[in-house]
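J.: Can you read through this structure? Questions will come right after.
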Amino acid sequence: MLPSARGGGVAVEATRRVSRWALDDLGLHRLRLRHSVANLASCRVADKAGYSFEGTMRSALLHADGWHDQHLHAPVRGDV
């Protein structure tokens with residue numbers, strides 16, 4: 001998100017809509033959202049969009065500054 005668009009709930013609403021489409025219309029059973037533990041904004045988006053926090057995957061994401069731990073969030077059909 002561009003800085004000017006942050007904080008207005010756009011990412012949360014987009015995540016909810018795409019999730020409902022994937023679960024309801026496509027018939028998927030489970031989705032996964034993963035992000036660096038350093039990305040607190042993505043963690044808040046996942047939580048507000050109805051994704052349950054499932055845990056931390058150690059050294060799971062390679063960034064330019066090295067390996068980051070990664071949070072895993074997931075809904076199943078009926079959660080969002």
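Ordered as shown in the structure tokens, chains take letters A, B, and onward, while each chain numbers its residues from 1 and ligands are numbered from 1 in the order shown.
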Among stretch 1-74 of chain A, which ones does DSSP place in alpha helix (DSSP H), written as a count of residues only?

T.: 20

J.: Just the residues within 12 Å of A:Ala14, please, counting only C-alpha atoms, with nothing from its chain fewer than 4 positions along; format it as a PyMOL selection string.

T.: chain A and resi 1+8-10+18-21+45-46+48-49

J.: Would you pick out the contacts of A:Asp24 at 12 Å or less, using only C-alpha atoms, so that residues sharing its chain but fewer than 6 positions from it are not included, and give the list as a list in words?

T.: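 In the requested form, the answer reads Arg16, Arg17, Val18, Arg30, Leu31, Val76, Arg77, Gly78, Asp79 and Val80 of chain A.
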
J.: I need the residue nearest A:Ser59 from this list: A:Val37, A:Pro75, A:Gly7, A:Asp47. Use only C-alpha atoms for the distance.

T.: A:Val37

J.: Go through A:Leu40, A:Ala60, A:Leu33, A:Ala11 and flag the residue nearest A:Ala74, using only C-alpha atoms for the distances.

T.: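 Under the stated criterion, the closest residue is A:Leu33.
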
J.: With only C-alpha atoms as the basis for distance, which of A:Arg58, A:His73, A:His68, A:Arg6 is at the shortest distance from A:Ala38?

T.: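 Looking only at the distances to A:Ala38, the closest residue turns out to be A:His68.
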
J.: Using DSSP secondary structure from the backbone, list all strand (DSSP E) positions within chain A, as a ChimeraX atom specification.

T.: /A:33-36,52-63,66-74

J.: For A:Ala41, which residue out of A:Val12, A:Ala64, A:Leu28, A:Leu72 is the nearest one, using only C-alpha atoms?

T.: A:Val12

J.: What does the structure give for the distance between atom CA of A:Arg34 and atom CA of A:Ser52, in Å to one decimal?

T.: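 Calculated distance between atom CA of A:Arg34 and atom CA of A:Ser52 is 11.4 Å.
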
J.: Give the answer as one residue: which of A:Ser4, A:Thr15, A:Gln70, A:Thr56 has the shortest atom-to-atom distance to A:His35, using only C-alpha atoms?

T.: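 When distances to A:His35 are compared using only C-alpha atoms, the smallest one comes from A:Gln70.
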
J.: May I ask for the distance between atom CA of A:Pro3 and atom CA of A:His63, given in Å to one decimal place?

T.: 21.1 Å
